[in-house]
Every structure is written in structure tokens, then in C-alpha cells.
Amino acid sequence: MFNRYLPKQKSKDEGERPFWISFSDLMTALMALFLVVMSVTLLAVTKKVDQEEQRKINREQEISELMKQIKIDSEKWSQVKVDENTYRIDLGEVVRFERGQAAISLDGQRFLREYVPTLLKVYDTSLGKQWIRRIVVEGFTDQDGTYLYNLWLSLERSRQVVCALYASPLSDTSMPLSSNSEPTSLINSNHLLEHGLTEKERVAVHELFLVGGFSFNSSKASKEESRRVELKLEFWQLDEVKPDKSGIESKDFGKCP
């Protein structure tokens, strides 16, 4: 009369097929997901680094093209030596100085007005506009005299290079440009018209050229070779912000005192 209730027996393998995955399986899945995320991240970072390296390589190649073009264009003047690695231009014996003097010879100044437009022509190209930042005129002296005196003298020599580019024709053509005299013409008016800088070139010189004095640092083998000026090209870095140069055309060029 009493019925006994017996619980239903579970299948033997029911516990071996749980609905929830085990903890170890969960960790394995998370590890796999982590590895996938890390792989994608590493690929993205590597791609970005490769792009930056390629930009640097492209910059160096394009600057090399500019220097190579300058070297080719400078072959017209046998005394000019262009170093494509240091971006320096040795103007040679035509722009050398007497001991303690900053005056540039008539031939030297005539040469400067003929040669500098070659550099400005390269600057006026698309690559030149993109990369050429400035051209520094570096003056040097021999080791005679004190450091500070030669620092002033070397700076004066580099300044006279820029003065030669802006020189105006005067009736007296016998005197070279000197820091101790009034501005003088180095050649007659007809020659100046033939080799003088155009207005556009004058503006470009204003934009590009800076002067620097290096005293008797970087002396050459002889005193005569040490008394010189060199041109050093400087280039923009990647993503460097370029200053606004508007209004330079309206500035008066002035005269060298």
C-alpha cells in the first residue's frame, strides 16, 4: 500500500558532458585571443616604423639628388669643390683673402655674382623648395692673432660675400668691396647688368643666406688656404614647420656700410 519513490538514475557519462566549459578551456581561449590582438598590434607598429624609415630614406635620396645637381652645375668653375656628403662648397682660390683683410678681389666678386645664381636655380626646383632650408656663408681665418679678433674677421669676410651679391655699379671701379670703405662697384655697369642678380634672385638670397664666422677653427694646411669662405647647405627635417616668409619681397635690401 506504500509506494516507494526512487530517484531516476543519471546516465554515467552525463557528468562528463557539462554545459559550461572548464576553466582551463576558458584560459586557453583568452590566450589565443590575446595572441591575435598582439599580432595585429605588432603588425601595425611595424608598418608605421617601416613607413617612417622609408620617409627618411626618401629624404636622404632627394637631398643627394640636389647635391649631385649642384655638383654637376658647378663643374663650369674648376676651382669650386662640392662635397656631397658634408653639403659644403669650397669656392676655391678666387675667394681668398690677404692677411688681416676682409676685402674680396674684383675677380672674386664677379665670380660670386656668376656662381650664386647656379645655387638659386637649384633652390627654385620643387625638391629645392621642399628641402633646402638655408645657405650659410662660413668665413675662416689663419691662426695669426687672437681668437676674438679672428672671430670678428671671419664674420666680416662672410658678410662681404653677401655684400658682393648686392653691390651696385658706381663710377669708380678700381676699389674692391671693403669693410673700411664706402660700397664700390667691382665692374662696369654693362658687366653688372650682364652678371648682376635679378630681383627674384636678390629676394632668394634674402630668404636663404646667413653669415657665420668660425675664426681659425678648421684651419687648412697653409695660411693662404685657411683665409677663405665656404658655403654650407642646410636642409629641412621631416615634418619641420617652415616659417612664414611673406613680406620679405617688400624689405629694402640696403647697403653694406
# chains A, B, ... in the order shown; residues from 1 in each chain; ligands from 1
$ residues_around --residues "Trp77 (chain A)" --least-positions-apart "6" --cutoff "12 Å" --atoms "only C-alpha atoms" --output "tab-separated table (two decimals) with C-alpha atoms, in the first residue's frame"
chain	number	residue	atom	x	y	z
A	70	ILE	CA	74.74	71.32	-57.66
A	71	LYS	CA	77.98	69.43	-58.27
A	89	ILE	CA	81.04	74.11	-51.22
A	90	ASP	CA	84.66	75.28	-51.32
A	91	LEU	CA	84.78	78.35	-53.56
A	92	GLY	CA	88.49	77.95	-54.27
A	93	GLU	CA	91.32	80.44	-54.62
A	94	VAL	CA	89.23	83.10	-56.32
A	111	PHE	CA	82.68	85.14	-59.71
A	112	LEU	CA	80.23	85.25	-56.79
A	114	GLU	CA	78.06	84.47	-61.62
A	115	TYR	CA	78.12	81.38	-59.41
A	116	VAL	CA	75.44	82.01	-56.77
A	118	THR	CA	73.55	78.44	-60.04
$ closest_residue --among "A:Val211, A:Val205, A:Leu153, A:Cys163" --to "Glu138 (chain A)" --atoms "only C-alpha atoms"
A:Val211
$ select_by_dssp --residues "region 8-122 of chain A" --states "strand (DSSP E)" --output "PyMOL selection string"
chain A and resi 81-83+88-90
$ write_last_selection --atoms "N, CA and C atoms" --output "tab-separated table (two decimals), in the first residue's frame"
chain	number	residue	atom	x	y	z
A	81	LYS	N	84.72	73.21	-55.39
A	81	LYS	CA	84.69	71.82	-54.95
A	81	LYS	C	83.43	71.60	-54.11
A	82	VAL	N	82.58	70.69	-54.57
A	82	VAL	CA	81.32	70.39	-53.88
A	82	VAL	C	81.45	69.05	-53.17
A	83	ASP	N	81.26	69.05	-51.85
A	83	ASP	CA	81.29	67.83	-51.07
A	83	ASP	C	79.84	67.37	-50.85
A	88	ARG	N	79.01	70.87	-48.22
A	88	ARG	CA	79.86	72.07	-48.25
A	88	ARG	C	80.33	72.37	-49.67
A	89	ILE	N	80.52	73.67	-49.92
A	89	ILE	CA	81.04	74.11	-51.22
A	89	ILE	C	82.26	74.98	-50.96
A	90	ASP	N	83.41	74.51	-51.41
A	90	ASP	CA	84.66	75.28	-51.32
A	90	ASP	C	84.76	76.12	-52.59
$ closest_residue --among "A:Ile104, A:Ala204, A:Ala32, A:Leu238" --to "Glu60 (chain A)" --atoms "only C-alpha atoms"
A:Leu238
